[in-house]
file run-v1.cif (mmCIF, C-alpha atoms)
data_data
#
loop_
_atom_site.label_atom_id
_atom_site.label_comp_id
_atom_site.auth_asym_id
_atom_site.auth_seq_id
_atom_site.Cartn_x
_atom_site.Cartn_y
_atom_site.Cartn_z
CA MET O 93 -29.11 -15.93 -0.68
CA SER O 94 -31.07 -17.86 -3.29
CA SER O 95 -33.13 -16.58 -6.20
CA GLU O 96 -36.48 -18.15 -7.06
CA CYS O 97 -36.60 -18.05 -10.85
CA ASN O 98 -39.30 -18.56 -13.42
CA THR O 99 -38.40 -21.32 -15.86
CA SER O 100 -38.84 -19.00 -18.82
CA ILE O 101 -35.77 -16.92 -17.96
CA PHE O 102 -33.58 -19.94 -18.71
CA SER O 103 -34.38 -19.78 -22.43
CA ASN O 104 -31.20 -19.36 -24.46
CA GLU O 105 -32.46 -16.30 -26.29
CA ILE O 106 -33.27 -14.29 -23.17
CA LEU O 107 -30.14 -15.50 -21.37
CA LYS O 108 -27.87 -14.42 -24.24
CA GLU O 109 -29.59 -11.05 -24.42
CA ILE O 110 -28.94 -10.46 -20.72
CA LEU O 111 -25.30 -11.55 -21.01
CA PHE O 112 -24.73 -9.30 -24.01
CA SER O 113 -25.93 -6.24 -22.09
CA VAL O 114 -23.65 -6.82 -19.09
CA GLN O 115 -20.33 -4.95 -19.07
CA ASN O 116 -18.48 -7.47 -16.88
CA ALA O 117 -17.31 -10.87 -18.07
CA VAL O 118 -20.04 -13.34 -17.12
CA ILE O 119 -19.98 -17.14 -17.20
CA VAL O 120 -23.04 -19.31 -16.56
CA THR O 121 -22.60 -22.89 -15.35
CA ASP O 122 -24.73 -25.76 -14.15
CA PRO O 123 -24.42 -26.91 -10.50
CA LYS O 124 -21.46 -29.17 -11.40
CA GLY O 125 -19.48 -26.32 -12.92
CA ILE O 126 -20.06 -27.18 -16.57
CA ILE O 127 -20.07 -23.96 -18.61
CA LEU O 128 -23.37 -23.37 -20.39
CA GLU O 129 -22.94 -19.84 -21.71
CA SER O 130 -20.66 -16.78 -21.56
CA ASN O 131 -20.63 -13.27 -22.99
CA ALA O 132 -18.20 -11.50 -25.33
CA LYS O 133 -16.27 -9.93 -22.43
CA VAL O 134 -15.08 -13.39 -21.47
CA ARG O 135 -13.19 -13.66 -24.75
CA ASP O 136 -11.46 -10.33 -24.09
CA LEU O 137 -10.52 -11.40 -20.59
CA PHE O 138 -9.59 -15.07 -21.00
CA GLY O 139 -9.00 -15.52 -24.74
CA TYR O 140 -11.72 -18.16 -25.18
CA THR O 141 -14.80 -17.89 -27.39
CA SER O 142 -18.19 -18.92 -26.04
CA GLU O 143 -18.08 -21.96 -28.33
CA GLY O 144 -14.66 -22.87 -26.97
CA LEU O 145 -15.89 -22.77 -23.39
CA ASN O 146 -19.35 -24.28 -23.66
CA GLY O 147 -19.43 -27.79 -22.24
CA LYS O 148 -16.06 -27.38 -20.48
CA GLU O 149 -15.48 -27.33 -16.73
CA LEU O 150 -15.09 -23.93 -15.11
CA SER O 151 -12.07 -25.35 -13.26
CA MET O 152 -9.94 -24.82 -16.38
CA LEU O 153 -9.86 -21.11 -15.51
CA PHE O 154 -8.48 -21.71 -12.00
CA THR O 155 -4.81 -22.05 -11.03
CA PRO O 156 -3.53 -25.55 -10.15
CA GLU O 157 -3.23 -24.70 -6.45
CA ASP O 158 -6.92 -23.73 -6.32
CA GLN O 159 -8.26 -26.82 -8.06
CA ASP O 160 -8.62 -28.97 -4.94
CA TYR O 161 -10.30 -26.58 -2.54
CA LEU O 162 -11.30 -23.11 -3.74
CA TYR O 163 -13.03 -24.31 -6.92
CA HIS O 164 -15.05 -26.99 -5.15
CA ASN O 165 -15.86 -24.61 -2.30
CA LEU O 166 -17.32 -22.09 -4.75
CA LEU O 167 -19.60 -24.75 -6.21
CA TYR O 168 -20.56 -25.76 -2.68
CA LEU O 169 -21.44 -22.17 -1.75
CA ALA O 170 -23.53 -21.89 -4.92
CA ASP O 171 -25.33 -25.11 -4.03
CA GLN O 172 -26.07 -23.59 -0.61
CA CYS O 173 -27.44 -20.49 -2.39
CA GLU O 174 -24.82 -18.23 -0.82
CA VAL O 175 -23.27 -15.22 -2.52
CA TYR O 176 -19.46 -15.18 -2.78
CA GLU O 177 -17.32 -12.17 -3.66
CA ASP O 178 -13.53 -11.89 -3.40
CA GLU O 179 -10.29 -11.26 -5.25
CA ILE O 180 -8.75 -14.47 -6.62
CA MET O 181 -6.13 -15.55 -9.14
CA LEU O 182 -7.34 -16.96 -12.46
CA LEU O 183 -5.75 -18.24 -15.69
CA ARG O 184 -5.98 -16.84 -19.20
CA ARG O 185 -5.90 -19.12 -22.23
CA ASN O 186 -2.12 -18.62 -22.55
CA LYS O 187 -1.78 -19.74 -18.89
CA ALA O 188 -0.89 -16.22 -17.75
CA ARG O 189 -2.14 -15.52 -14.24
CA PHE O 190 -4.11 -12.43 -13.31
CA PHE O 191 -6.00 -11.02 -10.35
CA ALA O 192 -9.77 -10.90 -10.74
CA ASP O 193 -12.66 -9.64 -8.68
CA VAL O 194 -15.15 -12.53 -8.77
CA ARG O 195 -18.78 -12.50 -7.69
CA LEU O 196 -20.74 -15.75 -7.59
CA THR O 197 -24.52 -15.93 -7.36
CA SER O 198 -26.93 -18.78 -7.96
CA CYS O 199 -30.45 -19.07 -9.31
CA ARG O 200 -32.58 -22.02 -8.22
CA ASN O 201 -36.08 -23.34 -8.70
CA GLU O 202 -37.62 -26.78 -8.86
CA ASP O 203 -36.74 -27.33 -12.51
CA ASN O 204 -33.53 -25.42 -13.10
CA SER O 205 -30.29 -24.45 -11.36
CA LEU O 206 -27.72 -22.01 -12.65
CA ASN O 207 -24.54 -20.42 -11.27
CA PHE O 208 -23.50 -16.95 -12.43
CA PHE O 209 -19.85 -15.89 -12.26
CA SER O 210 -19.20 -12.17 -12.78
CA ILE O 211 -15.49 -11.40 -13.33
CA ILE O 212 -13.56 -8.10 -13.42
CA ASP O 213 -9.86 -7.88 -14.33
CA ILE O 214 -8.08 -5.99 -11.53
CA ASP O 215 -4.56 -7.25 -12.26
CA LYS O 216 -3.09 -3.91 -13.34
CA ALA O 217 -4.65 -2.11 -10.38
CA LYS O 218 -3.29 -4.71 -7.93
CA LYS O 219 0.23 -4.47 -9.35
CA MET O 220 0.22 -0.68 -9.21
CA GLU O 221 -1.06 -0.80 -5.64
CA LYS O 222 1.76 -3.14 -4.67
CA VAL O 223 4.40 -0.93 -6.28
CA PHE O 224 3.15 2.15 -4.42
CA ASN O 225 3.01 0.26 -1.14
CA GLN O 226 6.47 -1.29 -1.40
CA ILE O 227 8.64 1.41 -2.91
CA ASN O 228 8.77 4.93 -1.52
CA TYR O 229 10.63 7.97 -2.73
CA GLU O 230 13.49 7.67 -0.25
CA ASP O 231 14.20 4.10 -1.34
CA LEU O 232 14.35 5.16 -4.97
CA VAL O 233 16.75 8.03 -4.16
CA LYS O 234 19.01 5.73 -2.19
CA LEU O 235 18.86 3.20 -4.98
CA ALA O 236 19.86 5.73 -7.64
CA ASN O 237 22.65 7.25 -5.55
CA GLY O 238 23.97 3.86 -4.58
CA VAL O 239 24.02 2.56 -8.15
CA ALA O 240 25.84 5.69 -9.37
CA HIS O 241 28.41 5.41 -6.59
CA GLU O 242 29.02 1.70 -7.01
CA ILE O 243 29.36 1.87 -10.79
CA ARG O 244 31.47 5.01 -10.83
CA ASN O 245 34.38 3.61 -8.81
CA PRO O 246 35.02 0.53 -10.99
CA LEU O 247 34.66 2.58 -14.16
CA VAL O 248 37.32 5.06 -13.00
CA GLY O 249 39.74 2.21 -12.48
CA ILE O 250 38.89 0.61 -15.82
CA GLY O 251 39.35 3.90 -17.67
CA GLY O 252 42.72 4.57 -16.08
CA PHE O 253 44.15 1.16 -16.87
CA LEU O 254 42.76 1.22 -20.40
CA ARG O 255 44.69 4.42 -21.08
CA LYS O 256 47.86 2.83 -19.84
CA LEU O 257 47.30 -0.24 -21.98
CA TYR O 258 46.63 1.98 -24.97
CA LYS O 259 50.01 3.69 -24.52
CA SER O 260 51.77 0.37 -24.06
CA CYS O 261 51.87 -1.46 -27.38
CA VAL O 262 54.18 -4.21 -26.21
CA ALA O 263 52.58 -7.06 -24.26
CA SER O 264 54.06 -7.65 -20.83
CA VAL O 265 53.32 -9.20 -17.45
CA GLU O 266 52.11 -5.80 -16.35
CA ASP O 267 49.62 -5.75 -19.24
CA GLU O 268 48.24 -9.09 -18.08
CA GLU O 269 47.67 -7.60 -14.65
CA TYR O 270 45.75 -4.71 -16.18
CA TYR O 271 43.57 -7.06 -18.16
CA ASN O 272 42.78 -9.08 -15.05
CA HIS O 273 41.89 -5.92 -13.18
CA ILE O 274 39.54 -4.85 -15.97
CA HIS O 275 37.90 -8.26 -16.05
CA SER O 276 37.30 -8.38 -12.29
CA ASN O 277 35.79 -4.91 -12.26
CA LEU O 278 33.51 -5.71 -15.16
CA LYS O 279 32.28 -8.78 -13.29
CA LYS O 280 31.65 -6.61 -10.26
CA ILE O 281 29.59 -4.17 -12.33
CA GLU O 282 27.58 -7.01 -13.85
CA GLY O 283 26.88 -8.44 -10.41
CA ILE O 284 25.75 -5.09 -9.01
CA VAL O 285 23.50 -4.38 -11.98
CA GLU O 286 21.91 -7.84 -11.70
CA LYS O 287 21.19 -7.35 -8.02
CA VAL O 288 19.76 -3.87 -8.54
CA GLU O 289 17.48 -5.10 -11.32
CA PHE O 290 16.31 -7.99 -9.16
CA PHE O 291 15.71 -5.72 -6.16
CA ALA O 292 13.85 -3.03 -8.10
CA GLY O 293 11.75 -5.36 -10.27
CA MET O 294 11.30 -8.38 -8.03
CA PRO O 295 8.32 -10.38 -9.32
CA ASP O 296 5.63 -11.83 -7.09
CA PRO O 297 6.60 -15.16 -5.50
CA VAL O 298 5.17 -18.26 -7.17
CA LEU O 299 4.07 -20.36 -4.22
CA LYS O 300 4.69 -24.08 -4.19
CA LYS O 301 5.13 -26.74 -1.54
CA VAL O 302 8.75 -26.47 -0.44
CA ARG O 303 10.85 -28.64 1.86
CA ILE O 304 13.21 -26.42 3.84
CA GLN O 305 15.64 -29.32 4.19
CA ASP O 306 16.01 -29.46 0.39
CA ILE O 307 16.71 -25.72 0.22
CA VAL O 308 19.33 -25.86 2.98
CA ASP O 309 21.04 -28.93 1.50
CA LYS O 310 21.27 -27.30 -1.92
CA VAL O 311 22.75 -24.07 -0.55
CA ILE O 312 25.28 -25.91 1.62
CA LEU O 313 26.38 -27.88 -1.45
CA GLU O 314 26.94 -24.66 -3.42
CA PHE O 315 29.21 -23.29 -0.68
CA GLN O 316 30.88 -26.61 0.17
CA ASP O 317 34.33 -25.69 -1.18
CA ARG O 318 34.40 -22.43 0.73
CA ILE O 319 33.16 -24.15 3.87
CA ASN O 320 35.93 -26.74 3.58
CA ASN O 321 38.63 -24.18 2.80
CA THR O 322 37.78 -22.05 5.82
CA GLU O 323 37.29 -25.12 8.04
CA CYS O 324 33.91 -23.74 8.96
CA LYS O 325 31.93 -25.66 11.52
CA ILE O 326 28.23 -25.73 10.63
CA ASP O 327 25.57 -26.95 13.04
CA ILE O 328 22.37 -27.74 11.14
CA ASP O 329 19.05 -28.66 12.74
CA VAL O 330 16.22 -28.51 10.21
CA LYS O 331 12.97 -30.22 11.10
CA PRO O 332 11.13 -32.13 8.33
CA PHE O 333 8.24 -29.97 7.14
CA GLU O 334 6.81 -28.25 4.07
CA LEU O 335 5.50 -24.73 3.56
CA MET O 336 4.02 -22.72 0.73
CA ALA O 337 6.84 -20.55 -0.66
CA ASP O 338 8.73 -19.65 -3.81
CA PRO O 339 11.63 -22.15 -3.95
CA ILE O 340 13.81 -19.86 -6.11
CA PHE O 341 13.39 -16.89 -3.79
CA LEU O 342 13.84 -19.01 -0.68
CA ASN O 343 17.03 -20.48 -2.13
CA ARG O 344 18.36 -16.99 -2.79
CA ALA O 345 17.48 -15.87 0.72
CA MET O 346 19.37 -18.80 2.27
CA LYS O 347 22.38 -18.12 0.02
CA ILE O 348 22.47 -14.50 1.18
CA LEU O 349 22.30 -15.56 4.82
CA LEU O 350 25.03 -18.19 4.53
CA GLU O 351 27.34 -15.98 2.45
CA ASN O 352 26.85 -13.10 4.88
CA SER O 353 27.82 -15.36 7.79
CA LEU O 354 30.88 -16.73 5.98
CA ASP O 355 32.02 -13.20 5.13
CA ALA O 356 31.64 -12.14 8.75
CA CYS O 357 33.74 -14.98 10.17
CA GLU O 358 37.49 -14.45 10.13
CA LYS O 359 38.92 -17.22 12.35
CA LYS O 360 37.41 -20.58 13.31
CA PRO O 361 34.01 -19.79 11.80
CA GLU O 362 30.99 -21.40 13.42
CA ILE O 363 27.55 -21.14 11.84
CA THR O 364 24.25 -22.41 13.20
CA ILE O 365 21.21 -23.04 10.98
CA ARG O 366 17.86 -23.87 12.54
CA ALA O 367 14.45 -24.33 10.90
CA PHE O 368 11.26 -25.42 12.64
CA THR O 369 7.54 -24.67 12.84
CA GLU O 370 5.72 -22.81 15.58
CA ASP O 371 2.24 -21.24 15.70
CA ASN O 372 1.65 -22.05 12.01
CA LYS O 373 4.86 -20.25 11.08
CA CYS O 374 8.14 -21.40 9.58
CA LYS O 375 11.00 -20.07 11.66
CA ILE O 376 14.54 -19.92 10.31
CA LEU O 377 17.59 -18.97 12.37
CA VAL O 378 21.07 -18.37 10.94
CA LYS O 379 23.69 -17.45 13.53
CA ASP O 380 27.45 -16.94 13.28
CA ASN O 381 30.38 -16.12 15.58
CA GLY O 382 31.74 -13.45 13.26
CA ARG O 383 32.82 -9.87 13.79
CA GLY O 384 29.29 -8.68 14.55
CA ILE O 385 27.66 -5.35 13.79
CA SER O 386 27.92 -2.27 15.98
CA SER O 387 24.70 -0.93 17.48
CA ASP O 388 25.00 2.43 15.72
CA VAL O 389 24.78 0.91 12.23
CA LEU O 390 22.55 -2.09 12.99
CA PRO O 391 19.28 -0.19 12.22
CA TYR O 392 20.49 0.56 8.68
CA ILE O 393 21.73 -2.81 7.43
CA PHE O 394 18.57 -3.49 5.38
CA HIS O 395 18.73 -0.12 3.61
CA PRO O 396 19.62 -0.31 -0.09
CA PHE O 397 23.36 0.12 -0.67
CA PHE O 398 24.29 0.40 2.98
CA SER O 399 27.17 -1.93 3.73
CA THR O 400 29.66 -2.47 6.54
CA LYS O 401 31.99 -4.24 4.11
CA THR O 402 34.67 -2.20 2.34
CA ASP O 403 34.07 -4.07 -0.93
CA GLY O 404 30.34 -4.73 -0.52
CA ALA O 405 27.54 -3.34 -2.66
CA GLY O 406 25.07 -3.30 0.22
CA ILE O 407 22.15 -4.74 -1.74
CA ASP O 408 22.00 -8.37 -0.60
CA LEU O 409 20.33 -7.73 2.77
CA SER O 410 17.82 -5.42 1.08
CA ILE O 411 16.96 -8.25 -1.30
CA LEU O 412 16.69 -10.65 1.65
CA LYS O 413 14.26 -8.36 3.47
CA ARG O 414 12.09 -7.88 0.38
CA ILE O 415 11.94 -11.65 -0.26
CA VAL O 416 10.77 -12.28 3.30
CA GLU O 417 8.21 -9.46 3.19
CA ASN O 418 6.89 -10.64 -0.19
CA HIS O 419 6.13 -13.92 1.59
CA GLN O 420 4.23 -11.89 4.22
CA GLY O 421 6.95 -12.71 6.72
CA ARG O 422 9.23 -10.73 8.99
CA ILE O 423 12.98 -10.63 9.62
CA SER O 424 14.92 -9.42 12.64
CA VAL O 425 18.60 -9.28 13.49
CA ASP O 426 20.50 -9.40 16.76
CA SER O 427 24.19 -8.63 16.79
CA GLN O 428 27.01 -7.58 19.09
CA LYS O 429 30.36 -6.24 17.96
CA GLY O 430 32.93 -9.02 18.17
CA LYS O 431 30.39 -11.66 19.26
CA GLY O 432 28.53 -12.54 16.10
CA THR O 433 25.18 -12.02 14.43
CA SER O 434 21.85 -13.85 14.41
CA PHE O 435 19.16 -13.47 11.73
CA ASP O 436 15.65 -14.62 12.60
CA ILE O 437 13.01 -15.13 9.91
CA GLU O 438 9.31 -15.96 10.27
CA ILE O 439 7.21 -16.96 7.26
CA PRO O 440 3.55 -18.04 7.49
CA MET O 441 3.13 -21.72 6.69
CA GLU O 442 -0.11 -20.99 4.86
CA ARG O 443 -1.15 -17.53 3.64
CA ARG O 444 -4.18 -18.61 1.67
CA LYS O 445 -7.69 -18.12 3.02
CA LYS O 446 -9.48 -21.14 4.46
CA ILE O 447 -11.75 -21.33 1.44
CA ARG O 448 -8.66 -22.18 -0.66
CA THR O 449 -7.28 -24.86 1.67
CA ASN O 450 -10.23 -26.81 3.08
CA LEU O 451 -13.45 -28.27 1.74
CA LEU O 452 -16.29 -26.38 3.41
CA LYS O 453 -18.83 -29.19 3.05
CA ASN O 454 -16.70 -31.42 5.28
CA ASN O 455 -16.60 -28.88 8.12
#
call {"tool": "encode", "arguments": {"input": "run-v1.cif", "output": "structure tokens"}}
result
Amino acid sequence: MSSECNTSIFSNEILKEILFSVQNAVIVTDPKGIILESNAKVRDLFGYTSEGLNGKELSMLFTPEDQDYLYHNLLYLADQCEVYEDEIMLLRRNKARFFADVRLTSCRNEDNSLNFFSIIDIDKAKKMEKVFNQINYEDLVKLANGVAHEIRNPLVGIGGFLRKLYKSCVASVEDEEYYNHIHSNLKKIEGIVEKVEFFAGMPDPVLKKVRIQDIVDKVILEFQDRINNTECKIDIDVKPFELMADPIFLNRAMKILLENSLDACEKKPEITIRAFTEDNKCKILVKDNGRGISSDVLPYIFHPFFSTKTDGAGIDLSILKRIVENHQGRISVDSQKGKGTSFDIEIPMERRKKIRTNLLKNN
């Protein structure tokens, strides 16, 4: 919808007066996206003064991944006199990202053309909404009980051996054994705490173009010694493609899958890794010929601190599930006792709206 405007409203004095009275952050640009004016709320939101923004391109407030399509599409919609309103990610002056509710309108007449961007910071609200949606009370209870249980056992052992060492003033081979036991338990505690912190406070994925082949190759290299020592046979078939994902999270997910398969295989381990695209989705399959999981416990393997391993913390598969879900994907598992386990993952190739991935004026 366009607005037929009288030329007089474009005077700087009246325009500034209007901007000053508006409670939202407002930026005014010309049709090419050059910033002409902004109000004081913009400084609070972005960290720029009006003088610092005037004459600059509005694109400086958009994230790198939205420079090619979303930014140009917004200018195109303004040129077509259409109103746009949606939640998008923007950049503050310190390059920190935040969620914003953006409304774009345009004002056109024969002599003048202006675009008006109204911006509301909804970052805190979005983060709180995500926390409430992802974590429920039962998960938190299981998390707390699991952490207490997992930390308590190593600490009991450490305390007992420390008392013995305290009574024994003369160094011996037995003392060395105690020290080694203490060290290994401390490492176990550190590992559990790190995983719990990651699981409970997992940040949002930072999406980039990722080659699955690179992820798989890197993970295989990290486990190469163990693969060689166990004479594990690995069948890898990864098709060449890219998807939008967080490379750090995806690397961690693949490490969890491979380590889980290696732990499950006792004799003549065989592991299959497949990755391909289908219906605009990335599909990843990791299958092993290990001991398998009985049907009575299979529904619980993604629960925090549930583990079928005698020395396992039971947090890795919970982390795996949360990584996949944070990428708006899904994970399923098929297993038979004594016949092996297969994990299937689906992740959308592209989760962004069309306005962020294609130029509208070319369609």
call {"tool": "atom_distance", "arguments": {"input": "run-v1.cif", "atom1": "atom CA of Gln159 of chain O", "atom2": "atom CA of Lys300 of chain O"}}
result
13.8 Å
call {"tool": "atom_distance", "arguments": {"input": "run-v1.cif", "atom1": "atom CA of Val175 of chain O", "atom2": "atom CA of Glu143 of chain O"}}
result
27.2 Å
call {"tool": "closest_residue", "arguments": {"input": "run-v1.cif", "among": "O:Arg189, O:His164, O:His395, O:Lys280", "to": "Leu412 of chain O", "atoms": "all atoms listed in the file"}}
result
O:His395
call {"tool": "atom_distance", "arguments": {"input": "run-v1.cif", "atom1": "atom CA of Gly293 of chain O", "atom2": "atom CA of Lys310 of chain O"}}
result
25.3 Å
call {"tool": "residues_around", "arguments": {"input": "run-v1.cif", "residues": "Ile211 of chain O", "least_positions_apart": "6", "cutoff": "12 Å", "atoms": "all atoms listed in the file", "output": "ChimeraX atom specification"}}
result
/O:114-120,130-131,133-138,153,176-182,190-197
call {"tool": "closest_residue", "arguments": {"input": "run-v1.cif", "among": "O:Ile212, O:Leu167, O:Leu342, O:Ala217", "to": "Ser198 of chain O", "atoms": "all atoms listed in the file"}}
result
O:Leu167
call {"tool": "resolve_selection", "arguments": {"input": "run-v1.cif", "expression": "the PyMOL selection byres ((chain O and resi 371) around 12)", "output": "list in words"}}
result
Phe368, Thr369, Glu370, Asn372, Lys373, Cys374, Lys375, Glu438, Ile439, Pro440, Met441 and Glu442 of chain O
call {"tool": "residues_around", "arguments": {"input": "run-v1.cif", "residues": "Phe333 of chain O", "least_positions_apart": "2", "cutoff": "9 Å", "atoms": "all atoms listed in the file", "output": "list in words"}}
result
Val302, Arg303, Ile304, Gln305, Val330, Lys331, Leu335, Phe368, Thr369 and Cys374 of chain O
call {"tool": "closest_residue", "arguments": {"input": "run-v1.cif", "among": "O:Leu313, O:Leu452, O:Leu206, O:Ile447", "to": "Asp158 of chain O", "atoms": "all atoms listed in the file"}}
result
O:Ile447
call {"tool": "closest_residue", "arguments": {"input": "run-v1.cif", "among": "O:Ser434, O:Asn186, O:Asn381, O:Gln172", "to": "Leu354 of chain O", "atoms": "all atoms listed in the file"}}
result
O:Asn381
call {"tool": "resolve_selection", "arguments": {"input": "run-v1.cif", "expression": "the PyMOL selection byres ((chain O and resi 426) around 9)", "output": "compact mmCIF listing (two decimals) with C-alpha atoms, in the frame of the given file"}}
result
# COMPACT_ATOMS: atom_id res chain seq x y z
CA ILE O 385 27.66 -5.35 13.79
CA LEU O 390 22.55 -2.09 12.99
CA SER O 424 14.92 -9.42 12.64
CA VAL O 425 18.60 -9.28 13.49
CA SER O 427 24.19 -8.63 16.79
CA GLN O 428 27.01 -7.58 19.09
CA GLY O 432 28.53 -12.54 16.10
CA THR O 433 25.18 -12.02 14.43
CA SER O 434 21.85 -13.85 14.41
CA PHE O 435 19.16 -13.47 11.73
CA ASP O 436 15.65 -14.62 12.60
call {"tool": "resolve_selection", "arguments": {"input": "run-v1.cif", "expression": "the PyMOL selection byres ((chain O and resi 157) around 10)", "output": "ChimeraX atom specification"}}
result
/O:154-156,158-163,181,299-301,448-449
call {"tool": "decode", "arguments": {"input": "run-v1.cif", "residues": "segment 349-424 of chain O", "atoms": "C-alpha atoms", "output": "mmCIF file, in the first residue's frame"}}
result
data_model
loop_
_atom_site.group_PDB
_atom_site.id
_atom_site.type_symbol
_atom_site.label_atom_id
_atom_site.label_comp_id
_atom_site.auth_asym_id
_atom_site.auth_seq_id
_atom_site.Cartn_x
_atom_site.Cartn_y
_atom_site.Cartn_z
ATOM 1 C CA LEU O 349 27.242 -40.576 16.880
ATOM 2 C CA LEU O 350 30.606 -42.099 15.964
ATOM 3 C CA GLU O 351 31.743 -42.495 19.579
ATOM 4 C CA ASN O 352 28.416 -44.074 20.500
ATOM 5 C CA SER O 353 28.807 -46.600 17.669
ATOM 6 C CA LEU O 354 32.403 -47.413 18.603
ATOM 7 C CA ASP O 355 31.403 -47.939 22.236
ATOM 8 C CA ALA O 356 28.602 -50.274 21.188
ATOM 9 C CA CYS O 357 30.798 -52.514 19.037
ATOM 10 C CA GLU O 358 32.723 -55.209 20.881
ATOM 11 C CA LYS O 359 34.057 -57.532 18.149
ATOM 12 C CA LYS O 360 34.681 -56.840 14.463
ATOM 13 C CA PRO O 361 33.004 -53.428 14.542
ATOM 14 C CA GLU O 362 31.320 -52.257 11.359
ATOM 15 C CA ILE O 363 29.973 -48.723 11.037
ATOM 16 C CA THR O 364 28.070 -47.199 8.142
ATOM 17 C CA ILE O 365 27.837 -43.440 7.573
ATOM 18 C CA ARG O 366 25.517 -42.059 4.914
ATOM 19 C CA ALA O 367 24.660 -38.441 4.065
ATOM 20 C CA PHE O 368 22.498 -37.275 1.169
ATOM 21 C CA THR O 369 19.745 -34.823 0.270
ATOM 22 C CA GLU O 370 16.078 -35.584 -0.260
ATOM 23 C CA ASP O 371 13.009 -33.325 -0.371
ATOM 24 C CA ASN O 372 15.116 -30.262 0.548
ATOM 25 C CA LYS O 373 16.428 -32.067 3.625
ATOM 26 C CA CYS O 374 19.862 -33.263 4.660
ATOM 27 C CA LYS O 375 19.641 -36.873 5.783
ATOM 28 C CA ILE O 376 22.358 -38.474 7.878
ATOM 29 C CA LEU O 377 22.491 -42.162 8.780
ATOM 30 C CA VAL O 378 24.950 -43.705 11.246
ATOM 31 C CA LYS O 379 24.563 -47.459 11.708
ATOM 32 C CA ASP O 380 26.612 -50.014 13.637
ATOM 33 C CA ASN O 381 26.621 -53.773 14.266
ATOM 34 C CA GLY O 382 27.047 -53.365 18.017
ATOM 35 C CA ARG O 383 25.234 -54.808 20.995
ATOM 36 C CA GLY O 384 22.029 -52.917 20.254
ATOM 37 C CA ILE O 385 19.454 -51.511 22.648
ATOM 38 C CA SER O 386 16.579 -53.482 24.121
ATOM 39 C CA SER O 387 13.065 -52.333 23.252
ATOM 40 C CA ASP O 388 12.141 -51.617 26.879
ATOM 41 C CA VAL O 389 14.797 -48.910 27.279
ATOM 42 C CA LEU O 390 14.886 -47.580 23.702
ATOM 43 C CA PRO O 391 12.214 -44.872 24.354
ATOM 44 C CA TYR O 392 14.367 -43.345 27.105
ATOM 45 C CA ILE O 393 17.803 -43.078 25.507
ATOM 46 C CA PHE O 394 17.440 -39.338 24.773
ATOM 47 C CA HIS O 395 16.442 -38.514 28.355
ATOM 48 C CA PRO O 396 19.059 -36.559 30.323
ATOM 49 C CA PHE O 397 21.320 -38.866 32.348
ATOM 50 C CA PHE O 398 19.753 -42.084 31.155
ATOM 51 C CA SER O 399 22.464 -44.470 30.024
ATOM 52 C CA THR O 400 22.764 -48.149 29.175
ATOM 53 C CA LYS O 401 26.513 -47.975 29.819
ATOM 54 C CA THR O 402 27.806 -48.836 33.281
ATOM 55 C CA ASP O 403 30.325 -45.979 33.162
ATOM 56 C CA GLY O 404 28.303 -43.533 31.040
ATOM 57 C CA ALA O 405 26.946 -40.168 32.123
ATOM 58 C CA GLY O 406 23.923 -40.409 29.842
ATOM 59 C CA ILE O 407 24.115 -36.839 28.560
ATOM 60 C CA ASP O 408 25.611 -37.209 25.081
ATOM 61 C CA LEU O 409 22.445 -38.416 23.335
ATOM 62 C CA SER O 410 20.457 -35.646 25.041
ATOM 63 C CA ILE O 411 22.932 -33.137 23.620
ATOM 64 C CA LEU O 412 22.644 -34.792 20.201
ATOM 65 C CA LYS O 413 18.851 -34.516 20.225
ATOM 66 C CA ARG O 414 18.931 -30.855 21.279
ATOM 67 C CA ILE O 415 21.467 -29.988 18.551
ATOM 68 C CA VAL O 416 19.249 -31.570 15.900
ATOM 69 C CA GLU O 417 16.087 -29.902 17.226
ATOM 70 C CA ASN O 418 17.832 -26.508 17.427
ATOM 71 C CA HIS O 419 18.409 -26.919 13.689
ATOM 72 C CA GLN O 420 14.654 -27.569 13.314
ATOM 73 C CA GLY O 421 15.431 -31.179 12.475
ATOM 74 C CA ARG O 422 14.374 -34.551 13.802
ATOM 75 C CA ILE O 423 16.191 -37.678 14.985
ATOM 76 C CA SER O 424 14.994 -41.263 15.211
#
